[in-house]
>>> print(open('structure.cif').read())   # mmCIF, C-alpha atoms
data_work
loop_
_atom_site.group_PDB
_atom_site.id
_atom_site.type_symbol
_atom_site.label_atom_id
_atom_site.label_comp_id
_atom_site.auth_asym_id
_atom_site.auth_seq_id
_atom_site.Cartn_x
_atom_site.Cartn_y
_atom_site.Cartn_z
ATOM 1 C CA MET A 1 0.000 0.000 0.000
ATOM 2 C CA ARG A 2 2.959 2.320 0.477
ATOM 3 C CA LYS A 3 3.324 2.346 -3.299
ATOM 4 C CA ILE A 4 0.177 4.419 -3.640
ATOM 5 C CA LYS A 5 1.834 7.208 -1.651
ATOM 6 C CA LYS A 6 4.941 7.074 -3.809
ATOM 7 C CA LEU A 7 2.871 7.117 -6.974
ATOM 8 C CA SER A 8 0.810 10.025 -5.681
ATOM 9 C CA ALA A 9 3.895 12.060 -4.847
ATOM 10 C CA VAL A 10 5.454 11.513 -8.268
ATOM 11 C CA LEU A 11 2.296 12.399 -10.157
ATOM 12 C CA LEU A 12 1.597 15.372 -7.912
ATOM 13 C CA SER A 13 5.063 16.747 -8.529
ATOM 14 C CA GLY A 14 4.638 16.393 -12.274
ATOM 15 C CA VAL A 15 1.166 17.889 -12.362
ATOM 16 C CA LEU A 16 2.315 20.795 -10.224
ATOM 17 C CA MET A 17 4.890 21.479 -12.894
ATOM 18 C CA LEU A 18 2.299 20.987 -15.616
ATOM 19 C CA SER A 19 0.019 23.503 -13.949
ATOM 20 C CA THR A 20 2.903 25.917 -13.588
ATOM 21 C CA VAL A 21 3.423 25.717 -17.340
ATOM 22 C CA ALA A 22 -0.023 27.277 -17.702
ATOM 23 C CA CYS A 23 1.192 30.382 -15.914
ATOM 24 C CA GLY A 24 -0.137 33.599 -17.365
ATOM 25 C CA GLY A 25 -0.810 37.205 -16.424
ATOM 26 C CA THR A 26 -2.988 38.639 -13.701
ATOM 27 C CA SER A 27 -5.720 41.106 -12.954
ATOM 28 C CA GLU A 28 -3.111 43.632 -11.852
ATOM 29 C CA LYS A 29 -1.741 43.848 -15.377
ATOM 30 C CA ASN A 30 -3.889 46.230 -17.311
ATOM 31 C CA GLY A 31 -3.878 49.639 -18.857
ATOM 32 C CA GLY A 32 -4.577 48.641 -22.438
ATOM 33 C CA ASP A 33 -7.654 49.431 -24.456
ATOM 34 C CA GLY A 34 -9.970 46.730 -23.173
ATOM 35 C CA ALA A 35 -12.785 47.960 -25.377
ATOM 36 C CA THR A 36 -10.998 46.620 -28.472
ATOM 37 C CA THR A 37 -11.269 43.028 -27.255
ATOM 38 C CA SER A 38 -15.000 42.989 -27.930
ATOM 39 C CA LYS A 39 -14.193 43.248 -31.645
ATOM 40 C CA MET A 40 -11.712 40.368 -31.612
ATOM 41 C CA THR A 41 -12.440 36.739 -32.385
ATOM 42 C CA VAL A 42 -11.560 34.242 -29.672
ATOM 43 C CA GLU A 43 -8.534 33.160 -31.693
ATOM 44 C CA GLU A 44 -7.351 36.756 -31.984
ATOM 45 C CA ARG A 45 -7.761 37.269 -28.247
ATOM 46 C CA LEU A 46 -5.679 34.187 -27.456
ATOM 47 C CA ALA A 47 -3.000 35.273 -29.924
ATOM 48 C CA ASP A 48 -2.927 38.701 -28.289
ATOM 49 C CA SER A 49 -2.705 37.076 -24.873
ATOM 50 C CA GLN A 50 0.218 34.946 -26.016
ATOM 51 C CA LYS A 51 2.026 38.081 -27.196
ATOM 52 C CA LYS A 52 1.449 39.841 -23.887
ATOM 53 C CA MET A 53 2.534 36.815 -21.868
ATOM 54 C CA ALA A 54 5.929 37.152 -23.540
ATOM 55 C CA GLU A 55 6.418 40.333 -21.511
ATOM 56 C CA ILE A 56 5.996 38.604 -18.135
ATOM 57 C CA LYS A 57 8.861 39.161 -15.710
ATOM 58 C CA SER A 58 7.353 37.823 -12.489
ATOM 59 C CA VAL A 59 4.079 36.436 -11.182
ATOM 60 C CA HIS A 60 2.496 34.881 -8.109
ATOM 61 C CA MET A 61 0.199 31.878 -8.480
ATOM 62 C CA THR A 62 -2.160 30.141 -6.070
ATOM 63 C CA MET A 63 -3.099 26.609 -7.080
ATOM 64 C CA ASP A 64 -5.711 24.312 -5.551
ATOM 65 C CA MET A 65 -5.880 20.700 -6.621
ATOM 66 C CA THR A 66 -7.894 17.617 -5.680
ATOM 67 C CA MET A 67 -6.727 14.166 -6.744
ATOM 68 C CA GLY A 68 -8.891 11.070 -6.224
ATOM 69 C CA MET A 69 -7.584 7.525 -6.627
ATOM 70 C CA LYS A 70 -8.959 3.990 -6.551
ATOM 71 C CA LEU A 71 -6.745 0.984 -5.954
ATOM 72 C CA ALA A 72 -7.922 -2.572 -6.588
ATOM 73 C CA ILE A 73 -6.493 -5.083 -4.132
ATOM 74 C CA GLU A 74 -7.186 -8.668 -3.120
ATOM 75 C CA GLY A 75 -9.404 -9.556 -6.037
ATOM 76 C CA GLU A 76 -12.528 -7.421 -6.139
ATOM 77 C CA LYS A 77 -11.749 -5.367 -3.031
ATOM 78 C CA THR A 78 -10.949 -1.719 -3.701
ATOM 79 C CA GLN A 79 -9.762 1.252 -1.691
ATOM 80 C CA GLU A 80 -10.479 4.863 -2.572
ATOM 81 C CA ALA A 81 -8.843 8.011 -1.308
ATOM 82 C CA LYS A 82 -8.479 11.696 -2.070
ATOM 83 C CA MET A 83 -5.672 14.115 -1.421
ATOM 84 C CA LYS A 84 -5.840 17.875 -1.591
ATOM 85 C CA THR A 85 -3.055 20.360 -2.137
ATOM 86 C CA THR A 86 -2.658 24.102 -2.020
ATOM 87 C CA SER A 87 0.433 25.710 -3.501
ATOM 88 C CA GLU A 88 1.766 29.252 -3.379
ATOM 89 C CA ILE A 89 4.298 29.979 -6.102
ATOM 90 C CA ASP A 90 6.471 33.042 -6.749
ATOM 91 C CA MET A 91 8.325 33.045 -10.060
ATOM 92 C CA ILE A 92 10.859 35.503 -11.412
ATOM 93 C CA SER A 93 12.474 35.270 -14.841
ATOM 94 C CA ASN A 94 15.785 36.550 -16.180
ATOM 95 C CA PRO A 95 17.480 35.147 -14.236
ATOM 96 C CA VAL A 96 15.177 32.283 -13.277
ATOM 97 C CA LYS A 97 14.215 32.166 -9.618
ATOM 98 C CA ALA A 98 11.275 30.350 -8.059
ATOM 99 C CA LYS A 99 9.800 29.689 -4.612
ATOM 100 C CA ILE A 100 7.095 27.049 -4.120
ATOM 101 C CA SER A 101 5.300 26.159 -0.897
ATOM 102 C CA MET A 102 2.995 23.151 -1.299
ATOM 103 C CA THR A 103 0.747 21.866 1.508
ATOM 104 C CA MET A 104 -0.683 18.374 1.045
ATOM 105 C CA ASP A 105 -3.659 17.066 3.026
ATOM 106 C CA LEU A 106 -3.250 13.282 2.996
ATOM 107 C CA GLY A 107 -6.019 12.479 5.478
ATOM 108 C CA ASP A 108 -8.110 10.268 3.194
ATOM 109 C CA LEU A 109 -5.000 8.689 1.716
ATOM 110 C CA LEU A 110 -3.628 7.703 5.121
ATOM 111 C CA ALA A 111 -6.987 6.324 6.196
ATOM 112 C CA ALA A 112 -7.095 4.175 3.060
ATOM 113 C CA GLU A 113 -3.747 2.687 4.057
ATOM 114 C CA GLY A 114 -4.943 1.800 7.533
ATOM 115 C CA GLU A 115 -3.266 4.718 9.288
ATOM 116 C CA THR A 116 -4.837 7.385 11.456
ATOM 117 C CA ALA A 117 -6.340 10.078 9.259
ATOM 118 C CA ASN A 118 -5.833 12.731 11.928
ATOM 119 C CA SER A 119 -2.177 11.918 12.563
ATOM 120 C CA GLU A 120 0.585 14.487 12.199
ATOM 121 C CA GLU A 121 1.307 12.987 8.797
ATOM 122 C CA ALA A 122 -2.088 14.025 7.475
ATOM 123 C CA LYS A 123 -0.748 17.407 6.407
ATOM 124 C CA GLN A 124 2.694 17.766 4.912
ATOM 125 C CA THR A 125 4.465 20.823 3.559
ATOM 126 C CA LEU A 126 7.066 20.725 0.822
ATOM 127 C CA GLU A 127 9.267 23.762 0.169
ATOM 128 C CA THR A 128 11.114 24.192 -3.109
ATOM 129 C CA TYR A 129 13.455 26.900 -4.363
ATOM 130 C CA MET A 130 15.185 27.281 -7.681
ATOM 131 C CA GLU A 131 17.800 29.707 -8.908
ATOM 132 C CA GLU A 132 20.115 30.327 -11.823
ATOM 133 C CA VAL A 133 23.750 30.780 -10.778
ATOM 134 C CA ASP A 134 26.561 31.363 -13.289
ATOM 135 C CA GLY A 135 24.622 29.626 -16.032
ATOM 136 C CA LYS A 136 23.747 26.654 -13.810
ATOM 137 C CA TYR A 137 20.249 25.858 -12.545
ATOM 138 C CA LEU A 138 19.980 24.686 -8.936
ATOM 139 C CA MET A 139 16.918 23.266 -7.198
ATOM 140 C CA TYR A 140 16.508 22.925 -3.427
ATOM 141 C CA THR A 141 13.710 20.824 -1.914
ATOM 142 C CA GLY A 142 12.924 20.517 1.787
ATOM 143 C CA ALA A 143 10.476 18.653 4.010
ATOM 144 C CA GLU A 144 10.448 18.304 7.798
ATOM 145 C CA GLY A 145 13.724 20.201 8.091
ATOM 146 C CA GLN A 146 15.608 17.973 5.644
ATOM 147 C CA TRP A 147 16.913 19.539 2.432
ATOM 148 C CA ILE A 148 18.299 18.143 -0.794
ATOM 149 C CA LYS A 149 19.783 20.064 -3.686
ATOM 150 C CA GLN A 150 20.563 19.201 -7.263
ATOM 151 C CA GLU A 151 21.682 20.763 -10.508
ATOM 152 C CA VAL A 152 19.056 20.425 -13.227
ATOM 153 C CA ASP A 153 19.299 20.818 -16.968
ATOM 154 C CA ALA A 154 18.242 24.117 -18.508
ATOM 155 C CA SER A 155 15.867 22.300 -20.866
ATOM 156 C CA SER A 156 13.787 21.165 -17.877
ATOM 157 C CA LEU A 157 13.085 24.720 -16.715
ATOM 158 C CA THR A 158 10.441 25.781 -19.214
ATOM 159 C CA GLN A 159 7.788 25.423 -16.522
ATOM 160 C CA TYR A 160 9.532 28.104 -14.453
ATOM 161 C CA ASP A 161 9.876 30.634 -17.273
ATOM 162 C CA PRO A 162 6.629 32.619 -17.535
ATOM 163 C CA GLU A 163 7.490 33.857 -21.032
ATOM 164 C CA GLU A 164 8.182 30.473 -22.646
ATOM 165 C CA SER A 165 5.625 28.500 -20.654
ATOM 166 C CA ALA A 166 2.696 30.778 -21.400
ATOM 167 C CA ALA A 167 3.529 30.745 -25.103
ATOM 168 C CA LEU A 168 3.679 26.938 -25.070
ATOM 169 C CA TYR A 169 0.268 26.558 -23.464
ATOM 170 C CA LEU A 170 -1.576 29.208 -25.426
ATOM 171 C CA LYS A 171 -0.355 27.926 -28.775
ATOM 172 C CA SER A 172 -1.424 24.381 -27.814
ATOM 173 C CA LEU A 173 -5.114 25.211 -27.370
ATOM 174 C CA SER A 174 -7.501 24.153 -30.124
ATOM 175 C CA ASP A 175 -11.267 23.961 -30.660
ATOM 176 C CA VAL A 176 -11.630 27.119 -28.593
ATOM 177 C CA LYS A 177 -14.908 28.898 -27.894
ATOM 178 C CA GLU A 178 -16.183 31.675 -25.654
ATOM 179 C CA VAL A 179 -18.742 30.343 -23.191
ATOM 180 C CA GLY A 180 -19.654 33.419 -21.172
ATOM 181 C CA THR A 181 -18.411 36.064 -18.777
ATOM 182 C CA GLU A 182 -17.559 35.783 -15.082
ATOM 183 C CA GLU A 183 -16.092 37.956 -12.357
ATOM 184 C CA VAL A 184 -12.617 36.884 -11.240
ATOM 185 C CA ASN A 185 -10.483 38.828 -8.781
ATOM 186 C CA GLY A 186 -13.065 41.598 -8.795
ATOM 187 C CA GLU A 187 -13.028 42.233 -12.534
ATOM 188 C CA ASN A 188 -14.986 41.113 -15.560
ATOM 189 C CA THR A 189 -13.486 38.278 -17.567
ATOM 190 C CA THR A 190 -14.312 36.196 -20.613
ATOM 191 C CA LYS A 191 -14.389 32.443 -20.099
ATOM 192 C CA ILE A 192 -12.857 30.438 -22.952
ATOM 193 C CA GLU A 193 -12.899 26.651 -23.257
ATOM 194 C CA GLY A 194 -10.571 24.558 -25.404
ATOM 195 C CA VAL A 195 -8.695 21.274 -25.600
ATOM 196 C CA VAL A 196 -5.058 20.266 -25.817
ATOM 197 C CA LYS A 197 -4.473 17.260 -28.015
ATOM 198 C CA GLY A 198 -2.164 15.386 -30.351
ATOM 199 C CA ASP A 199 1.497 16.306 -30.494
ATOM 200 C CA ALA A 200 0.842 19.303 -28.251
ATOM 201 C CA ILE A 201 0.178 16.970 -25.294
ATOM 202 C CA LYS A 202 3.590 15.323 -25.539
ATOM 203 C CA GLU A 203 5.302 18.698 -25.888
ATOM 204 C CA ILE A 204 3.573 19.964 -22.750
ATOM 205 C CA LEU A 205 4.305 16.778 -20.786
ATOM 206 C CA ASP A 206 7.965 17.006 -21.747
ATOM 207 C CA ALA A 207 8.091 20.614 -20.592
ATOM 208 C CA SER A 208 6.141 19.906 -17.415
ATOM 209 C CA GLY A 209 8.335 17.079 -16.146
ATOM 210 C CA ILE A 210 5.541 14.500 -16.051
ATOM 211 C CA GLY A 211 7.231 12.445 -18.758
ATOM 212 C CA SER A 212 10.485 12.207 -16.806
ATOM 213 C CA SER A 213 8.538 11.475 -13.608
ATOM 214 C CA PHE A 214 6.946 8.437 -15.256
ATOM 215 C CA THR A 215 10.355 7.348 -16.530
ATOM 216 C CA GLN A 216 11.731 7.398 -12.980
ATOM 217 C CA MET A 217 8.638 5.747 -11.490
ATOM 218 C CA THR A 218 8.313 2.891 -13.980
ATOM 219 C CA GLY A 219 11.912 2.285 -15.010
ATOM 220 C CA LEU A 220 10.886 2.376 -18.677
ATOM 221 C CA GLU A 221 13.140 3.791 -21.366
ATOM 222 C CA GLN A 222 12.231 7.187 -22.813
ATOM 223 C CA LYS A 223 11.291 5.638 -26.167
ATOM 224 C CA GLU A 224 8.871 3.346 -24.342
ATOM 225 C CA ILE A 225 7.347 6.305 -22.525
ATOM 226 C CA ASP A 226 7.007 8.127 -25.860
ATOM 227 C CA GLN A 227 5.055 5.179 -27.258
ATOM 228 C CA LEU A 228 2.728 5.209 -24.257
ATOM 229 C CA LEU A 229 2.007 8.880 -24.831
ATOM 230 C CA ASN A 230 0.843 8.318 -28.396
ATOM 231 C CA ASP A 231 -2.646 7.203 -27.378
ATOM 232 C CA LEU A 232 -3.404 9.812 -24.734
ATOM 233 C CA GLU A 233 -6.856 11.336 -24.465
ATOM 234 C CA ASP A 234 -7.225 15.053 -25.171
ATOM 235 C CA PHE A 235 -7.516 17.126 -22.047
ATOM 236 C CA LYS A 236 -9.742 20.123 -21.460
ATOM 237 C CA MET A 237 -8.523 23.518 -20.388
ATOM 238 C CA THR A 238 -10.494 26.647 -19.532
ATOM 239 C CA VAL A 239 -8.944 30.092 -19.349
ATOM 240 C CA TRP A 240 -10.336 33.398 -18.176
ATOM 241 C CA LEU A 241 -9.062 36.550 -19.922
ATOM 242 C CA ASN A 242 -9.590 40.039 -18.560
ATOM 243 C CA ASP A 243 -10.550 42.956 -20.797
ATOM 244 C CA ASP A 244 -6.909 43.471 -21.754
ATOM 245 C CA ASN A 245 -6.436 39.801 -22.689
ATOM 246 C CA TYR A 246 -4.302 38.818 -19.707
ATOM 247 C CA MET A 247 -5.054 35.424 -18.211
ATOM 248 C CA VAL A 248 -6.367 35.650 -14.654
ATOM 249 C CA LYS A 249 -7.439 32.053 -14.132
ATOM 250 C CA VAL A 250 -6.846 28.589 -15.586
ATOM 251 C CA GLU A 251 -8.592 25.276 -14.916
ATOM 252 C CA GLU A 252 -7.485 21.886 -16.226
ATOM 253 C CA ASP A 253 -9.244 18.537 -16.440
ATOM 254 C CA LEU A 254 -6.553 15.849 -16.646
ATOM 255 C CA LEU A 255 -8.668 12.885 -15.487
ATOM 256 C CA ASP A 256 -9.153 11.043 -18.788
ATOM 257 C CA MET A 257 -5.606 11.720 -19.980
ATOM 258 C CA LEU A 258 -3.937 10.406 -16.823
ATOM 259 C CA ASN A 259 -6.178 7.331 -16.684
ATOM 260 C CA THR A 260 -5.204 6.490 -20.247
ATOM 261 C CA MET A 261 -1.543 6.941 -19.340
ATOM 262 C CA MET A 262 -1.864 4.580 -16.362
ATOM 263 C CA LYS A 263 -3.689 1.940 -18.408
ATOM 264 C CA ASN A 264 -0.921 2.063 -21.023
ATOM 265 C CA ILE A 265 1.725 1.566 -18.359
ATOM 266 C CA LEU A 266 -0.066 -1.293 -16.599
ATOM 267 C CA LYS A 267 -1.559 -3.184 -19.541
ATOM 268 C CA ASP A 268 1.400 -5.539 -20.062
ATOM 269 C CA SER A 269 1.081 -6.665 -16.445
ATOM 270 C CA GLY A 270 -2.576 -7.544 -16.940
ATOM 271 C CA GLN A 271 -3.505 -5.090 -14.188
ATOM 272 C CA GLU A 272 -4.562 -2.080 -16.198
ATOM 273 C CA ASP A 273 -7.564 -1.556 -13.910
ATOM 274 C CA ALA A 274 -5.583 -1.930 -10.688
ATOM 275 C CA PHE A 275 -5.082 1.816 -10.316
ATOM 276 C CA THR A 276 -7.399 4.521 -11.592
ATOM 277 C CA PHE A 277 -7.933 8.193 -10.924
ATOM 278 C CA THR A 278 -11.436 9.162 -9.833
ATOM 279 C CA ALA A 279 -10.779 12.913 -9.861
ATOM 280 C CA PHE A 280 -8.083 15.279 -10.997
ATOM 281 C CA GLU A 281 -9.111 18.913 -10.694
ATOM 282 C CA ALA A 282 -6.727 21.858 -10.731
ATOM 283 C CA SER A 283 -7.521 25.550 -10.484
ATOM 284 C CA MET A 284 -4.952 28.347 -10.680
ATOM 285 C CA ILE A 285 -5.376 32.065 -10.007
ATOM 286 C CA TYR A 286 -2.671 34.632 -10.711
ATOM 287 C CA ASN A 287 -1.798 37.935 -9.091
ATOM 288 C CA ASN A 288 1.053 40.333 -8.281
ATOM 289 C CA PHE A 289 2.104 40.421 -11.911
ATOM 290 C CA ASP A 290 5.544 42.042 -12.347
ATOM 291 C CA LYS A 291 5.457 42.915 -8.642
ATOM 292 C CA VAL A 292 6.961 39.809 -7.041
ATOM 293 C CA GLU A 293 9.677 40.918 -4.650
ATOM 294 C CA ASP A 294 13.031 39.192 -4.643
ATOM 295 C CA PHE A 295 13.498 36.619 -1.888
ATOM 296 C CA THR A 296 16.405 34.991 -0.080
ATOM 297 C CA ILE A 297 16.974 31.249 -0.340
ATOM 298 C CA PRO A 298 17.682 29.838 3.153
ATOM 299 C CA GLU A 299 21.250 28.754 3.858
ATOM 300 C CA GLU A 300 20.029 25.368 5.117
ATOM 301 C CA ALA A 301 18.531 24.791 1.681
ATOM 302 C CA LYS A 302 21.760 25.698 -0.099
ATOM 303 C CA ASN A 303 23.687 23.421 2.265
ATOM 304 C CA GLY A 304 21.354 20.461 1.710
ATOM 305 C CA THR A 305 22.475 17.013 0.573
ATOM 306 C CA ASP A 306 23.630 17.216 -3.041
ATOM 307 C CA ILE A 307 21.968 14.517 -5.157
ATOM 308 C CA SER A 308 23.070 15.866 -8.530
ATOM 309 C CA THR A 309 24.036 13.220 -11.059
ATOM 310 C CA THR A 310 27.189 13.663 -13.053
ATOM 311 C CA THR A 311 27.002 13.030 -16.787
ATOM 312 C CA THR A 312 29.852 12.756 -19.209
ATOM 313 C CA GLU A 313 29.846 13.709 -22.856
ATOM 314 C CA GLU A 314 30.245 10.863 -25.310
#
>>> encode(input="structure.cif", output="structure tokens")
Amino acid sequence: MRKIKKLSAVLLSGVLMLSTVACGGTSEKNGGDGATTSKMTVEERLADSQKKMAEIKSVHMTMDMTMGMKLAIEGEKTQEAKMKTTSEIDMISNPVKAKISMTMDLGDLLAAEGETANSEEAKQTLETYMEEVDGKYLMYTGAEGQWIKQEVDASSLTQYDPEESAALYLKSLSDVKEVGTEEVNGENTTKIEGVVKGDAIKEILDASGIGSSFTQMTGLEQKEIDQLLNDLEDFKMTVWLNDDNYMVKVEEDLLDMLNTMMKNILKDSGQEDAFTFTAFEASMIYNNFDKVEDFTIPEEAKNGTDISTTTTEE
């Protein structure tokens, strides 16, 4: 049963990154001629938003996510659990710097594993920092006072760059349509629904880190992971644009896509129905655009255990 926790942590880490890729602007970024947006098509508005996202220098994001799981054990017996997370993320670009505080409520998950749902383990906080130093990218992760650090490849940092990540997500949307107006962060917004599909899914998963997370979790080669990704379901995404075409909110529905991914991984074992997701809801709201203050990375984080892997050029 401990495997379900490990699996949850890996997927949660990847989806956090995936959600971060969706990072856009906020309600504090305005000043343009909002009246002109009423004359734009939805495609023109998204293209304009993509252009404006390229100007992002910093942003704060609050993300809420609920993940439900069902595990089949001992024949027909099943166990179900949910875990909830709330993350506060500050991101600064050029040079890249990020601070992430993620609180996980594992109450239902612990209860499903026969532990006390109200134990001290029910809520866990994970702190992560990232910085660019002399052309190198360093990540520090801490939990319960223990820190690890590692050097990561620049190609894995798209999710932390608000300029590149927003462009990636906005260009990946297809079948878009306006479905109404709503108030978000005290201002009027236009709600736009769309899907991400085909080759765009793999590109986003590569940028988000989910692909590499599955590689580590399953032990499969990258080419095998690539094959598994070929049959993924489209996933839905909804964005809210303010009158100046800055994104103020994003919601993602990854349930069908992740269930397909798990079935592909487990099918050769004959246990493709052993693990399924029953819910995967993520909602992100953005604020403090271009107003994120610089922050200091704790010395205990910088002095954490170095787990960087050394690679040699062939």
>>> closest_residue(input="structure.cif", among="A:Pro95, A:Glu88, A:Tyr129, A:Asp153", to="Thr141 in chain A", atoms="all atoms listed in the file")
A:Tyr129
>>> resolve_selection(input="structure.cif", expression="the PyMOL selection byres ((chain A and resi 241) around 12)", output="mmCIF file with C-alpha atoms, keeping the file's coordinate frame")
data_model
loop_
_atom_site.group_PDB
_atom_site.id
_atom_site.type_symbol
_atom_site.label_atom_id
_atom_site.label_comp_id
_atom_site.auth_asym_id
_atom_site.auth_seq_id
_atom_site.Cartn_x
_atom_site.Cartn_y
_atom_site.Cartn_z
ATOM 1 C CA GLY A 24 -0.137 33.599 -17.365
ATOM 2 C CA GLY A 25 -0.810 37.205 -16.424
ATOM 3 C CA THR A 26 -2.988 38.639 -13.701
ATOM 4 C CA SER A 27 -5.720 41.106 -12.954
ATOM 5 C CA LYS A 29 -1.741 43.848 -15.377
ATOM 6 C CA ASN A 30 -3.889 46.230 -17.311
ATOM 7 C CA GLY A 34 -9.970 46.730 -23.173
ATOM 8 C CA THR A 37 -11.269 43.028 -27.255
ATOM 9 C CA SER A 38 -15.000 42.989 -27.930
ATOM 10 C CA VAL A 42 -11.560 34.242 -29.672
ATOM 11 C CA ARG A 45 -7.761 37.269 -28.247
ATOM 12 C CA LEU A 46 -5.679 34.187 -27.456
ATOM 13 C CA ALA A 47 -3.000 35.273 -29.924
ATOM 14 C CA ASP A 48 -2.927 38.701 -28.289
ATOM 15 C CA SER A 49 -2.705 37.076 -24.873
ATOM 16 C CA GLN A 50 0.218 34.946 -26.016
ATOM 17 C CA LYS A 52 1.449 39.841 -23.887
ATOM 18 C CA MET A 53 2.534 36.815 -21.868
ATOM 19 C CA LEU A 170 -1.576 29.208 -25.426
ATOM 20 C CA GLU A 178 -16.183 31.675 -25.654
ATOM 21 C CA VAL A 179 -18.742 30.343 -23.191
ATOM 22 C CA GLY A 180 -19.654 33.419 -21.172
ATOM 23 C CA THR A 181 -18.411 36.064 -18.777
ATOM 24 C CA GLU A 182 -17.559 35.783 -15.082
ATOM 25 C CA GLU A 183 -16.092 37.956 -12.357
ATOM 26 C CA VAL A 184 -12.617 36.884 -11.240
ATOM 27 C CA ASN A 185 -10.483 38.828 -8.781
ATOM 28 C CA GLU A 187 -13.028 42.233 -12.534
ATOM 29 C CA ASN A 188 -14.986 41.113 -15.560
ATOM 30 C CA THR A 189 -13.486 38.278 -17.567
ATOM 31 C CA THR A 190 -14.312 36.196 -20.613
ATOM 32 C CA LYS A 191 -14.389 32.443 -20.099
ATOM 33 C CA ILE A 192 -12.857 30.438 -22.952
ATOM 34 C CA GLU A 193 -12.899 26.651 -23.257
ATOM 35 C CA THR A 238 -10.494 26.647 -19.532
ATOM 36 C CA VAL A 239 -8.944 30.092 -19.349
ATOM 37 C CA TRP A 240 -10.336 33.398 -18.176
ATOM 38 C CA ASN A 242 -9.590 40.039 -18.560
ATOM 39 C CA ASP A 243 -10.550 42.956 -20.797
ATOM 40 C CA ASP A 244 -6.909 43.471 -21.754
ATOM 41 C CA ASN A 245 -6.436 39.801 -22.689
ATOM 42 C CA TYR A 246 -4.302 38.818 -19.707
ATOM 43 C CA MET A 247 -5.054 35.424 -18.211
ATOM 44 C CA VAL A 248 -6.367 35.650 -14.654
ATOM 45 C CA LYS A 249 -7.439 32.053 -14.132
ATOM 46 C CA VAL A 250 -6.846 28.589 -15.586
ATOM 47 C CA ILE A 285 -5.376 32.065 -10.007
ATOM 48 C CA TYR A 286 -2.671 34.632 -10.711
#
>>> atom_distance(input="structure.cif", atom1="CA of Glu127 in chain A", atom2="CA of Ala143 in chain A")
6.5 Å
>>> atom_distance(input="structure.cif", atom1="CA of Met40 in chain A", atom2="CA of Val196 in chain A")
22.0 Å
>>> residues_near_point(input="structure.cif", point="(9.6, 19.3, 0.7)", cutoff="8 Å", atoms="only C-alpha atoms", output="PyMOL selection string")
chain A and resi 102+125-128+141-144+146-147
>>> closest_residue(input="structure.cif", among="A:Val152, A:Ala274, A:Met130, A:Ala72", to="Thr296 in chain A", atoms="all atoms listed in the file")
A:Met130
>>> resolve_selection(input="structure.cif", expression="the PyMOL selection byres ((chain A and resi 280) around 8)", output="list in words")
Met65, Thr66, Met67, Gly68, Asp253, Leu254, Leu255, Phe277, Thr278, Ala279, Glu281 and Ala282 of chain A
>>> atom_distance(input="structure.cif", atom1="CA of Lys82 in chain A", atom2="CA of Asp268 in chain A")
26.8 Å
>>> decode(input="structure.cif", residues="range 241-249 of chain A", atoms="N, CA, C and O atoms", output="mmCIF file, in the first residue's frame")
data_model
loop_
_atom_site.group_PDB
_atom_site.id
_atom_site.type_symbol
_atom_site.label_atom_id
_atom_site.label_comp_id
_atom_site.auth_asym_id
_atom_site.auth_seq_id
_atom_site.Cartn_x
_atom_site.Cartn_y
_atom_site.Cartn_z
ATOM 1 N N LEU A 241 -9.835 35.375 -19.510
ATOM 2 C CA LEU A 241 -9.062 36.550 -19.922
ATOM 3 C C LEU A 241 -9.759 37.812 -19.449
ATOM 4 O O LEU A 241 -10.985 37.936 -19.562
ATOM 5 N N ASN A 242 -8.979 38.763 -18.925
ATOM 6 C CA ASN A 242 -9.590 40.039 -18.560
ATOM 7 C C ASN A 242 -9.772 40.897 -19.806
ATOM 8 O O ASN A 242 -9.477 40.462 -20.930
ATOM 9 N N ASP A 243 -10.236 42.111 -19.642
ATOM 10 C CA ASP A 243 -10.550 42.956 -20.797
ATOM 11 C C ASP A 243 -9.323 43.324 -21.610
ATOM 12 O O ASP A 243 -9.447 43.784 -22.752
ATOM 13 N N ASP A 244 -8.145 43.158 -21.027
ATOM 14 C CA ASP A 244 -6.909 43.471 -21.754
ATOM 15 C C ASP A 244 -6.201 42.208 -22.227
ATOM 16 O O ASP A 244 -5.044 42.248 -22.627
ATOM 17 N N ASN A 245 -6.924 41.082 -22.176
ATOM 18 C CA ASN A 245 -6.436 39.801 -22.689
ATOM 19 C C ASN A 245 -5.308 39.187 -21.868
ATOM 20 O O ASN A 245 -4.514 38.396 -22.397
ATOM 21 N N TYR A 246 -5.221 39.524 -20.589
ATOM 22 C CA TYR A 246 -4.302 38.818 -19.707
ATOM 23 C C TYR A 246 -5.054 37.693 -19.013
ATOM 24 O O TYR A 246 -6.194 37.866 -18.590
ATOM 25 N N MET A 247 -4.421 36.539 -18.903
ATOM 26 C CA MET A 247 -5.054 35.424 -18.211
ATOM 27 C C MET A 247 -5.083 35.692 -16.709
ATOM 28 O O MET A 247 -4.076 36.066 -16.123
ATOM 29 N N VAL A 248 -6.238 35.475 -16.095
ATOM 30 C CA VAL A 248 -6.367 35.650 -14.654
ATOM 31 C C VAL A 248 -6.698 34.342 -13.954
ATOM 32 O O VAL A 248 -6.590 34.246 -12.735
ATOM 33 N N LYS A 249 -7.088 33.332 -14.743
ATOM 34 C CA LYS A 249 -7.439 32.053 -14.132
ATOM 35 C C LYS A 249 -7.323 30.948 -15.174
ATOM 36 O O LYS A 249 -7.578 31.169 -16.363
#
